[in-house]
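**Q** For reference, the file upload28.json (JSON, C-alpha atoms and all ligand atoms) is included below:
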[["chain", "number", "residue", "atom", "x", "y", "z"],
["X", 1, "MET", "CA", -1.21, 36.16, 6.77],
["X", 2, "THR", "CA", 0.94, 38.81, 8.51],
["X", 3, "VAL", "CA", 1.50, 39.15, 12.24],
["X", 4, "GLU", "CA", -0.53, 42.39, 12.18],
["X", 5, "GLN", "CA", -3.50, 40.65, 10.48],
["X", 6, "LEU", "CA", -3.48, 37.89, 13.09],
["X", 7, "GLN", "CA", -3.24, 40.46, 15.90],
["X", 8, "LYS", "CA", -6.28, 42.26, 14.40],
["X", 9, "MET", "CA", -8.24, 38.98, 14.33],
["X", 10, "ILE", "CA", -7.37, 38.38, 18.01],
["X", 11, "THR", "CA", -8.48, 41.89, 18.97],
["X", 12, "GLU", "CA", -11.84, 41.38, 17.22],
["X", 13, "ALA", "CA", -12.30, 37.87, 18.67],
["X", 14, "LYS", "CA", -11.61, 39.22, 22.18],
["X", 15, "LYS", "CA", -14.58, 41.57, 21.90],
["X", 16, "GLU", "CA", -16.89, 38.94, 20.38],
["X", 17, "ASN", "CA", -16.06, 36.39, 23.09],
["X", 18, "ASP", "CA", -15.80, 38.76, 26.07],
["X", 19, "VAL", "CA", -12.19, 37.78, 26.79],
["X", 20, "CYS", "CA", -9.39, 39.50, 28.70],
["X", 21, "ILE", "CA", -5.87, 38.45, 27.66],
["X", 22, "LEU", "CA", -3.18, 38.40, 30.35],
["X", 23, "ALA", "CA", 0.44, 38.12, 29.22],
["X", 24, "HIS", "CA", 3.48, 37.57, 31.40],
["X", 25, "SER", "CA", 6.33, 40.00, 30.67],
["X", 26, "TYR", "CA", 8.45, 37.10, 29.35],
["X", 27, "GLN", "CA", 6.02, 36.46, 26.45],
["X", 28, "THR", "CA", 6.93, 37.54, 22.92],
["X", 29, "ARG", "CA", 6.41, 41.15, 21.94],
["X", 30, "ALA", "CA", 3.68, 40.18, 19.44],
["X", 31, "ILE", "CA", 1.67, 38.57, 22.25],
["X", 32, "CYS", "CA", 2.23, 41.44, 24.70],
["X", 33, "GLU", "CA", 0.86, 43.82, 22.04],
["X", 34, "VAL", "CA", -2.54, 42.07, 21.93],
["X", 35, "ALA", "CA", -2.75, 41.59, 25.72],
["X", 36, "ASP", "CA", -4.99, 43.70, 27.96],
["X", 37, "ILE", "CA", -2.58, 43.40, 30.88],
["X", 38, "VAL", "CA", 1.15, 42.64, 30.83],
["X", 39, "GLY", "CA", 3.06, 42.03, 34.06],
["X", 40, "ASP", "CA", 4.61, 39.56, 36.45],
["X", 41, "SER", "CA", 2.69, 36.52, 37.65],
["X", 42, "PHE", "CA", 1.17, 37.98, 40.79],
["X", 43, "ARG", "CA", 0.19, 41.29, 39.20],
["X", 44, "LEU", "CA", -1.62, 39.37, 36.46],
["X", 45, "SER", "CA", -3.63, 37.36, 38.97],
["X", 46, "VAL", "CA", -4.53, 40.38, 41.06],
["X", 47, "GLU", "CA", -5.57, 42.39, 37.99],
["X", 48, "ALA", "CA", -7.58, 39.41, 36.72],
["X", 49, "GLN", "CA", -9.83, 39.75, 39.75],
["X", 50, "LYS", "CA", -10.76, 43.28, 38.71],
["X", 51, "VAL", "CA", -11.63, 42.72, 35.06],
["X", 52, "LYS", "CA", -15.28, 42.42, 34.04],
["X", 53, "ASN", "CA", -14.84, 39.87, 31.23],
["X", 54, "ARG", "CA", -16.29, 36.41, 31.75],
["X", 55, "LYS", "CA", -13.21, 34.66, 30.36],
["X", 56, "ILE", "CA", -9.46, 35.07, 30.89],
["X", 57, "VAL", "CA", -6.81, 33.75, 28.51],
["X", 58, "MET", "CA", -3.44, 33.43, 30.24],
["X", 59, "CYS", "CA", -0.34, 33.68, 28.08],
["X", 60, "GLY", "CA", 2.28, 32.39, 30.47],
["X", 61, "VAL", "CA", 2.97, 29.08, 32.19],
["X", 62, "HIS", "CA", 0.64, 26.68, 33.94],
["X", 63, "PHE", "CA", 1.00, 27.82, 37.56],
["X", 64, "MET", "CA", 0.09, 31.37, 36.53],
["X", 65, "ALA", "CA", -3.22, 30.23, 35.04],
["X", 66, "GLU", "CA", -3.84, 28.20, 38.20],
["X", 67, "THR", "CA", -3.20, 31.23, 40.41],
["X", 68, "ALA", "CA", -5.54, 33.35, 38.27],
["X", 69, "LYS", "CA", -8.26, 30.70, 38.62],
["X", 70, "LEU", "CA", -7.76, 30.45, 42.39],
["X", 71, "LEU", "CA", -8.21, 34.21, 42.71],
["X", 72, "SER", "CA", -11.07, 34.41, 40.18],
["X", 73, "PRO", "CA", -13.04, 31.19, 40.70],
["X", 74, "ASP", "CA", -16.14, 32.49, 38.93],
["X", 75, "LYS", "CA", -14.34, 33.25, 35.68],
["X", 76, "THR", "CA", -13.39, 30.81, 32.95],
["X", 77, "VAL", "CA", -9.58, 30.70, 32.93],
["X", 78, "VAL", "CA", -7.82, 29.16, 29.94],
["X", 79, "ILE", "CA", -4.08, 28.74, 29.44],
["X", 80, "ALA", "CA", -3.28, 29.57, 25.81],
["X", 81, "SER", "CA", -0.82, 26.71, 25.43],
["X", 82, "ASP", "CA", -1.31, 23.62, 27.57],
["X", 83, "GLU", "CA", 2.34, 22.64, 26.99],
["X", 84, "ALA", "CA", 3.67, 25.71, 28.80],
["X", 85, "GLY", "CA", 4.82, 24.54, 32.23],
["X", 86, "CYS", "CA", 7.40, 25.96, 34.61],
["X", 87, "PRO", "CA", 9.97, 23.26, 35.47],
["X", 88, "MET", "CA", 10.63, 24.91, 38.86],
["X", 89, "ALA", "CA", 6.96, 24.85, 39.86],
["X", 90, "GLU", "CA", 6.90, 21.07, 39.55],
["X", 91, "GLN", "CA", 10.26, 20.25, 41.16],
["X", 92, "PHE", "CA", 8.79, 18.93, 44.42],
["X", 93, "THR", "CA", 5.69, 16.93, 45.25],
["X", 94, "PRO", "CA", 3.11, 17.55, 47.99],
["X", 95, "GLU", "CA", 4.08, 14.15, 49.43],
["X", 96, "GLN", "CA", 7.67, 15.34, 50.01],
["X", 97, "VAL", "CA", 6.40, 18.41, 51.85],
["X", 98, "LEU", "CA", 3.94, 16.38, 53.93],
["X", 99, "GLU", "CA", 6.74, 14.01, 54.93],
["X", 100, "PHE", "CA", 8.87, 16.99, 56.01],
["X", 101, "ARG", "CA", 5.95, 18.44, 57.94],
["X", 102, "LYS", "CA", 5.45, 15.15, 59.76],
["X", 103, "ALA", "CA", 9.12, 15.03, 60.78],
["X", 104, "HIS", "CA", 9.30, 18.78, 61.58],
["X", 105, "PRO", "CA", 5.90, 19.91, 62.88],
["X", 106, "ASP", "CA", 7.42, 23.16, 64.22],
["X", 107, "TYR", "CA", 8.33, 24.50, 60.75],
["X", 108, "ALA", "CA", 6.30, 26.91, 58.62],
["X", 109, "VAL", "CA", 6.26, 26.03, 54.91],
["X", 110, "VAL", "CA", 6.82, 29.04, 52.65],
["X", 111, "SER", "CA", 6.42, 28.55, 48.89],
["X", 112, "TYR", "CA", 7.36, 30.82, 46.05],
["X", 113, "ILE", "CA", 4.23, 31.56, 44.03],
["X", 114, "ASN", "CA", 5.92, 29.61, 41.20],
["X", 115, "THR", "CA", 4.49, 26.31, 42.46],
["X", 116, "THR", "CA", 1.65, 24.05, 41.42],
["X", 117, "ALA", "CA", -1.76, 24.33, 43.11],
["X", 118, "ALA", "CA", -1.08, 20.89, 44.62],
["X", 119, "LEU", "CA", 2.01, 22.28, 46.41],
["X", 120, "LYS", "CA", 0.08, 25.37, 47.47],
["X", 121, "CYS", "CA", -2.36, 23.03, 49.24],
["X", 122, "VAL", "CA", 0.43, 21.99, 51.67],
["X", 123, "THR", "CA", 1.92, 25.50, 52.06],
["X", 124, "ASP", "CA", 1.37, 27.95, 54.92],
["X", 125, "VAL", "CA", 2.13, 31.11, 52.98],
["X", 126, "CYS", "CA", 3.09, 31.99, 49.42],
["X", 127, "VAL", "CA", 5.54, 34.73, 48.45],
["X", 128, "THR", "CA", 6.50, 36.52, 45.26],
["X", 129, "SER", "CA", 10.04, 37.63, 44.43],
["X", 130, "SER", "CA", 9.07, 41.18, 45.41],
["X", 131, "SER", "CA", 7.36, 40.25, 48.70],
["X", 132, "ALA", "CA", 9.46, 37.28, 49.93],
["X", 133, "VAL", "CA", 11.80, 39.25, 52.25],
["X", 134, "GLU", "CA", 8.96, 41.29, 53.75],
["X", 135, "ILE", "CA", 6.62, 38.34, 54.33],
["X", 136, "VAL", "CA", 9.23, 36.01, 55.83],
["X", 137, "GLY", "CA", 10.22, 38.88, 58.15],
["X", 138, "ARG", "CA", 6.64, 39.06, 59.40],
["X", 139, "LEU", "CA", 6.34, 35.35, 60.17],
["X", 140, "GLU", "CA", 6.41, 34.64, 63.88],
["X", 141, "ASN", "CA", 7.88, 31.20, 63.31],
["X", 142, "ASN", "CA", 11.68, 31.31, 62.91],
["X", 143, "ASN", "CA", 11.86, 27.74, 61.57],
["X", 144, "ILE", "CA", 11.03, 27.85, 57.88],
["X", 145, "LEU", "CA", 11.11, 25.47, 54.95],
["X", 146, "PHE", "CA", 11.43, 27.61, 51.80],
["X", 147, "ILE", "CA", 10.59, 25.96, 48.44],
["X", 148, "PRO", "CA", 11.23, 25.52, 45.58],
["X", 149, "ASP", "CA", 13.89, 28.14, 44.68],
["X", 150, "LYS", "CA", 17.08, 27.82, 46.74],
["X", 151, "ASN", "CA", 18.46, 31.06, 45.24],
["X", 152, "LEU", "CA", 15.45, 33.15, 46.25],
["X", 153, "GLY", "CA", 15.61, 31.29, 49.58],
["X", 154, "ALA", "CA", 19.29, 32.27, 50.01],
["X", 155, "PHE", "CA", 18.40, 35.90, 49.24],
["X", 156, "VAL", "CA", 15.71, 35.84, 51.96],
["X", 157, "LYS", "CA", 18.07, 34.03, 54.35],
["X", 158, "SER", "CA", 20.72, 36.75, 53.95],
["X", 159, "ALA", "CA", 18.17, 39.27, 55.27],
["X", 160, "TYR", "CA", 17.40, 37.20, 58.40],
["X", 161, "PRO", "CA", 20.52, 35.44, 59.75],
["X", 162, "GLU", "CA", 18.63, 34.89, 63.02],
["X", 163, "LYS", "CA", 16.01, 32.69, 61.30],
["X", 164, "ASN", "CA", 16.51, 29.02, 60.59],
["X", 165, "ILE", "CA", 15.58, 28.86, 56.89],
["X", 166, "VAL", "CA", 15.94, 25.48, 55.20],
["X", 167, "CYS", "CA", 16.03, 25.45, 51.39],
["X", 168, "TRP", "CA", 15.69, 22.39, 49.22],
["X", 169, "ASP", "CA", 17.79, 21.97, 46.11],
["X", 170, "GLY", "CA", 15.39, 23.49, 43.58],
["X", 171, "GLY", "CA", 15.42, 26.51, 41.34],
["X", 172, "CYS", "CA", 14.79, 28.09, 37.99],
["X", 173, "PRO", "CA", 16.80, 26.29, 35.29],
["X", 174, "VAL", "CA", 17.05, 29.55, 33.33],
["X", 175, "HIS", "CA", 18.24, 32.02, 35.98],
["X", 176, "GLY", "CA", 20.07, 29.27, 37.89],
["X", 177, "LYS", "CA", 22.61, 28.66, 35.13],
["X", 178, "MET", "CA", 24.08, 32.18, 35.32],
["X", 179, "THR", "CA", 27.63, 32.32, 36.70],
["X", 180, "ALA", "CA", 30.06, 34.84, 38.19],
["X", 181, "GLN", "CA", 31.99, 34.49, 34.90],
["X", 182, "ASP", "CA", 28.97, 35.77, 32.97],
["X", 183, "VAL", "CA", 28.91, 38.82, 35.24],
["X", 184, "LEU", "CA", 32.64, 39.44, 34.87],
["X", 185, "ARG", "CA", 32.49, 39.21, 31.07],
["X", 186, "ILE", "CA", 29.59, 41.65, 30.66],
["X", 187, "LYS", "CA", 30.85, 44.09, 33.31],
["X", 188, "GLN", "CA", 34.21, 44.27, 31.52],
["X", 189, "LYS", "CA", 32.34, 45.17, 28.34],
["X", 190, "TYR", "CA", 30.09, 47.80, 29.97],
["X", 191, "PRO", "CA", 31.90, 48.99, 33.13],
["X", 192, "GLU", "CA", 29.62, 52.02, 33.62],
["X", 193, "ALA", "CA", 26.37, 50.03, 33.43],
["X", 194, "LYS", "CA", 24.20, 49.41, 36.49],
["X", 195, "PHE", "CA", 23.67, 45.70, 37.07],
["X", 196, "LEU", "CA", 20.05, 44.76, 37.91],
["X", 197, "VAL", "CA", 19.37, 41.13, 38.72],
["X", 198, "HIS", "CA", 16.52, 38.79, 39.63],
["X", 199, "PRO", "CA", 16.95, 36.87, 42.94],
["X", 200, "GLU", "CA", 16.37, 33.57, 41.11],
["X", 201, "CYS", "CA", 20.02, 33.95, 39.97],
["X", 202, "PRO", "CA", 22.70, 32.26, 42.14],
["X", 203, "PRO", "CA", 24.19, 34.23, 45.09],
["X", 204, "GLU", "CA", 27.60, 34.61, 43.31],
["X", 205, "VAL", "CA", 25.76, 36.48, 40.54],
["X", 206, "CYS", "CA", 23.56, 38.56, 42.86],
["X", 207, "GLU", "CA", 26.48, 39.66, 45.02],
["X", 208, "ASN", "CA", 27.79, 41.84, 42.16],
["X", 209, "ALA", "CA", 24.48, 43.62, 41.62],
["X", 210, "ASP", "CA", 23.50, 47.26, 42.11],
["X", 211, "TYR", "CA", 19.90, 46.09, 42.55],
["X", 212, "ILE", "CA", 18.31, 42.70, 43.30],
["X", 213, "GLY", "CA", 14.58, 42.41, 42.79],
["X", 214, "SER", "CA", 11.56, 41.15, 40.90],
["X", 215, "THR", "CA", 10.89, 41.82, 37.23],
["X", 216, "ALA", "CA", 8.61, 44.70, 38.23],
["X", 217, "GLY", "CA", 11.30, 46.03, 40.60],
["X", 218, "ILE", "CA", 13.95, 45.90, 37.85],
["X", 219, "ILE", "CA", 11.69, 47.83, 35.47],
["X", 220, "ALA", "CA", 10.88, 50.43, 38.15],
["X", 221, "TYR", "CA", 14.59, 50.87, 39.02],
["X", 222, "ALA", "CA", 15.50, 51.45, 35.36],
["X", 223, "ARG", "CA", 12.70, 54.00, 34.97],
["X", 224, "LYS", "CA", 13.79, 56.01, 38.01],
["X", 225, "SER", "CA", 17.56, 55.79, 37.57],
["X", 226, "ASP", "CA", 19.61, 58.58, 35.98],
["X", 227, "ALA", "CA", 22.09, 55.99, 34.69],
["X", 228, "GLN", "CA", 22.27, 55.51, 30.92],
["X", 229, "GLN", "CA", 23.39, 51.89, 30.71],
["X", 230, "PHE", "CA", 22.01, 48.78, 32.43],
["X", 231, "ILE", "CA", 22.89, 45.09, 32.44],
["X", 232, "ILE", "CA", 19.70, 43.08, 32.95],
["X", 233, "GLY", "CA", 20.02, 39.78, 34.83],
["X", 234, "THR", "CA", 16.66, 38.23, 34.05],
["X", 235, "GLU", "CA", 14.82, 36.71, 31.08],
["X", 236, "ILE", "CA", 15.88, 38.44, 27.84],
["X", 237, "SER", "CA", 12.36, 39.73, 27.02],
["X", 238, "ILE", "CA", 12.72, 42.34, 29.76],
["X", 239, "THR", "CA", 15.76, 43.87, 28.02],
["X", 240, "GLU", "CA", 13.69, 44.26, 24.83],
["X", 241, "GLN", "CA", 10.72, 45.67, 26.76],
["X", 242, "LEU", "CA", 12.93, 48.23, 28.54],
["X", 243, "SER", "CA", 14.70, 49.22, 25.30],
["X", 244, "CYS", "CA", 11.33, 49.92, 23.62],
["X", 245, "GLU", "CA", 10.05, 51.90, 26.59],
["X", 246, "MET", "CA", 13.24, 53.92, 27.18],
["X", 247, "PRO", "CA", 15.04, 54.30, 23.83],
["X", 248, "GLU", "CA", 17.27, 57.01, 25.31],
["X", 249, "LYS", "CA", 18.87, 54.41, 27.65],
["X", 250, "GLN", "CA", 20.89, 51.30, 26.77],
["X", 251, "PHE", "CA", 20.03, 47.85, 28.08],
["X", 252, "PHE", "CA", 22.21, 44.75, 27.74],
["X", 253, "ASN", "CA", 21.45, 41.10, 28.57],
["X", 254, "LEU", "CA", 23.58, 39.50, 31.26],
["X", 255, "SER", "CA", 23.54, 36.55, 28.84],
["X", 256, "LYS", "CA", 21.50, 35.53, 25.79],
["X", 257, "ARG", "CA", 21.17, 32.14, 27.51],
["X", 258, "LEU", "CA", 18.69, 33.77, 29.88],
["X", 259, "ILE", "CA", 15.77, 32.67, 27.73],
["X", 260, "CYS", "CA", 12.84, 30.65, 29.05],
["X", 261, "SER", "CA", 11.75, 28.18, 26.38],
["X", 262, "ASP", "CA", 8.51, 27.43, 28.26],
["X", 263, "MET", "CA", 7.55, 31.09, 28.17],
["X", 264, "LYS", "CA", 8.22, 31.16, 24.44],
["X", 265, "ILE", "CA", 6.09, 28.10, 23.58],
["X", 266, "THR", "CA", 2.90, 30.13, 23.17],
["X", 267, "THR", "CA", 2.24, 31.50, 19.69],
["X", 268, "LEU", "CA", -0.21, 34.08, 18.37],
["X", 269, "VAL", "CA", -2.16, 31.23, 16.77],
["X", 270, "ASP", "CA", -2.47, 29.59, 20.22],
["X", 271, "VAL", "CA", -3.79, 32.88, 21.59],
["X", 272, "TYR", "CA", -6.33, 33.21, 18.77],
["X", 273, "ASN", "CA", -7.60, 29.64, 19.27],
["X", 274, "ALA", "CA", -7.83, 30.07, 23.05],
["X", 275, "VAL", "CA", -9.78, 33.32, 22.64],
["X", 276, "CYS", "CA", -12.18, 31.66, 20.17],
["X", 277, "GLY", "CA", -12.66, 28.62, 22.41],
["X", 278, "THR", "CA", -11.08, 26.18, 19.96],
["X", 279, "GLY", "CA", -7.73, 25.76, 21.75],
["X", 280, "GLY", "CA", -5.86, 26.09, 25.02],
["X", 281, "MET", "CA", -6.87, 24.32, 28.21],
["X", 282, "GLU", "CA", -9.40, 25.38, 30.79],
["X", 283, "ILE", "CA", -8.20, 25.32, 34.42],
["X", 284, "THR", "CA", -10.58, 23.71, 36.91],
["X", 285, "PHE", "CA", -10.30, 22.65, 40.57],
["X", 286, "ASP", "CA", -12.45, 20.62, 42.90],
["X", 287, "ALA", "CA", -13.77, 22.65, 45.84],
["X", 288, "ASP", "CA", -11.34, 21.13, 48.37],
["X", 289, "THR", "CA", -8.20, 21.89, 46.28],
["X", 290, "ALA", "CA", -9.48, 25.39, 45.49],
["X", 291, "ALA", "CA", -10.00, 26.20, 49.19],
["X", 292, "LYS", "CA", -6.71, 24.69, 50.41],
["X", 293, "ALA", "CA", -4.58, 26.23, 47.62],
["X", 294, "ARG", "CA", -6.23, 29.62, 48.02],
["X", 295, "HIS", "CA", -5.44, 29.74, 51.74],
["X", 296, "CYS", "CA", -1.69, 30.38, 51.31],
["X", 297, "ILE", "CA", -2.36, 33.10, 48.73],
["X", 298, "ASP", "CA", -4.77, 34.82, 51.14],
["X", 299, "GLU", "CA", -2.04, 34.60, 53.80],
["X", 300, "MET", "CA", 0.42, 36.23, 51.41],
["X", 301, "ILE", "CA", -2.00, 39.08, 50.78],
["X", 302, "ARG", "CA", -2.68, 39.46, 54.51],
["X", 303, "LEU", "CA", 1.02, 39.47, 55.51],
["X", 304, "GLY", "CA", 2.14, 41.46, 52.47],
["X", 305, "GLY", "CA", -0.41, 44.16, 53.05],
["X", 401, "LIG", "S1", 11.95, 31.70, 33.84],
["X", 401, "LIG", "FE1", 12.28, 30.02, 35.29],
["X", 401, "LIG", "S2", 10.75, 30.32, 36.90],
["X", 401, "LIG", "FE2", 10.12, 31.57, 35.13],
["X", 401, "LIG", "S3", 8.72, 30.23, 33.99],
["X", 401, "LIG", "FE3", 10.77, 29.96, 33.09],
["X", 401, "LIG", "S4", 11.58, 28.17, 34.20],
["X", 401, "LIG", "FE4", 9.85, 28.91, 35.39]]
Any chance you could give the structure as structure tokens?
**A**
Amino acid sequence: MTVEQLQKMITEAKKENDVCILAHSYQTRAICEVADIVGDSFRLSVEAQKVKNRKIVMCGVHFMAETAKLLSPDKTVVIASDEAGCPMAEQFTPEQVLEFRKAHPDYAVVSYINTTAALKCVTDVCVTSSSAVEIVGRLENNNILFIPDKNLGAFVKSAYPEKNIVCWDGGCPVHGKMTAQDVLRIKQKYPEAKFLVHPECPPEVCENADYIGSTAGIIAYARKSDAQQFIIGTEISITEQLSCEMPEKQFFNLSKRLICSDMKITTLVDVYNAVCGTGGMEITFDADTAAKARHCIDEMIRLGG
């Protein structure tokens, strides 16, 4: 069977089973082509609320399917591959946060949306990479614990030197391994290129950037810019996506090592089985977890506008 034949079977099965497929931008091109919506994690969850289908198949990692379920509790939400987890989302436990809260009752706990539902239950407000600076700026409390990504936390901290922002030693194992050497090497090769980078990269990488922002922000910058060459400092799928969308411009990876193996676990066969109801894993929550975890997402929406 060819990739095209399998994609056709998925498209037909979607209609038969009343399914909407959501794919994170880091998924393979073949999966993005059969998806109804492609985007970053928060956009997918927000769009999921608007779709009419009774079932959502999430092609991404576990916390994304959880967030979609929290925002669309009446829909059936299935993650296409139950093995697809984000190592950063699971770096800390709710018990560690509760212990911190007990010792520091005057701190607000801010979590990147890339966290488990269990961690969201002990969080005051969630943020995305595109909203983190804005939301932290709107918090009245100047004492903040920011988890789990210390690099995104450092980026936020640089915007508010007057705030006391504590970051734990967590982060994305993919973006976090980029170095200043990687930047030097690629900039020497393409000295005219604009350097666009995700804030999950370390500060010594971000400090050389022309733009620091979320996946959606990087794509928007490249669309608007008159520049012809860009170095992309985030997962390598975005470089491919941008090259297909703007063939007149040139896009280069900061490094080929910027590849998320968890995002690449899901296959077209997984998607087909999840759509047909013979594979994947349904996400469910008890009422208490659903209410507590949803609270910090509602706060993010309220503070983010
Ligand atoms: S790129 Fe990093 S943060 Fe994103 S899913 Fe992979 S490990 Fe998690």
**Q** I need the residue nearest X:Ala48 from this list: X:Ser72, X:Gln27, X:Gln229, X:Asn114. Use only C-alpha atoms for the distance.
**A**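 For X:Ala48, the nearest of the given residues is X:Ser72.
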**Q** I'd like the contact shell of X:Leu119 - 9 Å cut-off, all atoms listed in the file, skipping same-chain residues fewer than 6 positions apart - returned as a PyMOL selection string.
**A** chain X and resi 89-90+92-95+97+111+293
**Q** I need the chosen residues saved as a compact mmCIF listing (two decimals), in the coordinates of the input, with C-alpha atoms.
**A**
# COMPACT_ATOMS: atom_id res chain seq x y z
CA ALA X 89 6.96 24.85 39.86
CA GLU X 90 6.90 21.07 39.55
CA PHE X 92 8.79 18.93 44.42
CA THR X 93 5.69 16.93 45.25
CA PRO X 94 3.11 17.55 47.99
CA GLU X 95 4.08 14.15 49.43
CA VAL X 97 6.40 18.41 51.85
CA SER X 111 6.42 28.55 48.89
CA ALA X 293 -4.58 26.23 47.62
**Q** If you count only C-alpha atoms and all ligand atoms, which residues end up within 10 Å of ligand LIG 401 (chain X), as a ChimeraX atom specification?
**A** /X:24,26,40-41,60-64,84-90,112-115,148-149,171-176,200-201,234-236,258-264
**Q** Rounded to one decimal, what separation in Å do you get between atom CA of X:Cys121 and atom CA of X:Lys55?
**A**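 Separation between atom CA of X:Cys121 and atom CA of X:Lys55: 24.7 Å.
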**Q** Between X:Ile144, X:Pro73, X:Val197, X:Pro105, which one has atoms that come closest to X:Ala287, using all atoms listed in the file?
**A**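 Closest residue, counting all atoms listed in the file: X:Pro73.
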**Q** I'd like the interatomic distance between atom CA of X:Lys163 and atom CA of X:Asn142, to a tenth of an Å.
**A**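 Value for the atom CA of X:Lys163-atom CA of X:Asn142 distance: 4.8 Å.
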**Q** Which one is closest to X:Asp226: X:Ser255, X:Ser243, X:Thr76, X:Gln250? Count only C-alpha atoms.
**A**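 Using only C-alpha atoms, X:Asp226 sits closest to X:Gln250.
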**Q** Grab the atom CA of X:Arg43 to atom CA of X:Ile79 distance for me, in Å with one decimal place.
**A** 16.5 Å
**Q** Leaving out X:Val205 and any residue of its chain fewer than 2 positions from it, which residues lie within 7 Å of it when counting all atoms listed in the file, given as a PyMOL selection string?
**A** chain X and resi 178-180+183+201-203+207-208
**Q** For X:Asp18, list every protein, DNA or RNA residue within 10 Å, evaluated using all atoms listed in the file, and leave out those in the same chain fewer than 5 positions away; present the list as an MDAnalysis selection string.
**A** chainID X and resid 13 52:56 275:276
**Q** Could you please take those selected residues and save C-alpha atoms as a PDB file, in the coordinates of the input?
**A**
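Produced file out_4.pdb, reproduced below:
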ATOM      1  CA  ALA X  13     -12.300  37.870  18.670  1.00  0.00           C
ATOM      2  CA  LYS X  52     -15.280  42.420  34.040  1.00  0.00           C
ATOM      3  CA  ASN X  53     -14.840  39.870  31.230  1.00  0.00           C
ATOM      4  CA  ARG X  54     -16.290  36.410  31.750  1.00  0.00           C
ATOM      5  CA  LYS X  55     -13.210  34.660  30.360  1.00  0.00           C
ATOM      6  CA  ILE X  56      -9.460  35.070  30.890  1.00  0.00           C
ATOM      7  CA  VAL X 275      -9.780  33.320  22.640  1.00  0.00           C
ATOM      8  CA  CYS X 276     -12.180  31.660  20.170  1.00  0.00           C
TER       9      CYS X 276
END
**Q** Residues near X:Gln96, anyone? I mean within 12 Å using all atoms listed in the file, not counting same-chain ones fewer than 6 positions away, as a PDB file with C-alpha atoms, in the coordinates of the input.
**A**
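Now in result23.pdb:
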ATOM      1  CA  GLU X  90       6.900  21.070  39.550  1.00  0.00           C
ATOM      2  CA  LYS X 102       5.450  15.150  59.760  1.00  0.00           C
ATOM      3  CA  ALA X 103       9.120  15.030  60.780  1.00  0.00           C
ATOM      4  CA  VAL X 109       6.260  26.030  54.910  1.00  0.00           C
ATOM      5  CA  ALA X 118      -1.080  20.890  44.620  1.00  0.00           C
ATOM      6  CA  LEU X 119       2.010  22.280  46.410  1.00  0.00           C
ATOM      7  CA  VAL X 122       0.430  21.990  51.670  1.00  0.00           C
ATOM      8  CA  THR X 123       1.920  25.500  52.060  1.00  0.00           C
ATOM      9  CA  LEU X 145      11.110  25.470  54.950  1.00  0.00           C
ATOM     10  CA  ILE X 147      10.590  25.960  48.440  1.00  0.00           C
ATOM     11  CA  PRO X 148      11.230  25.520  45.580  1.00  0.00           C
ATOM     12  CA  TRP X 168      15.690  22.390  49.220  1.00  0.00           C
TER      13      TRP X 168
END
**Q** Name all residues at most 9 Å from X:Ile135 (count all atoms listed in the file; drop same-chain ones fewer than 4 positions away) and give them as a compact mmCIF listing (two decimals) with C-alpha atoms, in the frame of the given file.
**A**
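Everything below was put into part.txt:
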# COMPACT_ATOMS: atom_id res chain seq x y z
CA VAL X 125 2.13 31.11 52.98
CA CYS X 126 3.09 31.99 49.42
CA VAL X 127 5.54 34.73 48.45
CA SER X 131 7.36 40.25 48.70
CA LEU X 139 6.34 35.35 60.17
CA MET X 300 0.42 36.23 51.41
CA LEU X 303 1.02 39.47 55.51
CA GLY X 304 2.14 41.46 52.47
**Q** Pick the closest to X:Phe285 from X:Ala216, X:Ala117, X:Ala209, X:Ile297: which is it, counting all atoms listed in the file?
**A**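 The shortest atom-to-atom distance to X:Phe285 comes from X:Ala117.
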**Q** Which residue gives the smallest distance to X:Ile165 among X:Asn273, X:Gln241, X:Ser130, X:Asn143, with all atoms listed in the file counted?
**A**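 Result for the nearest residue to X:Ile165: X:Asn143.
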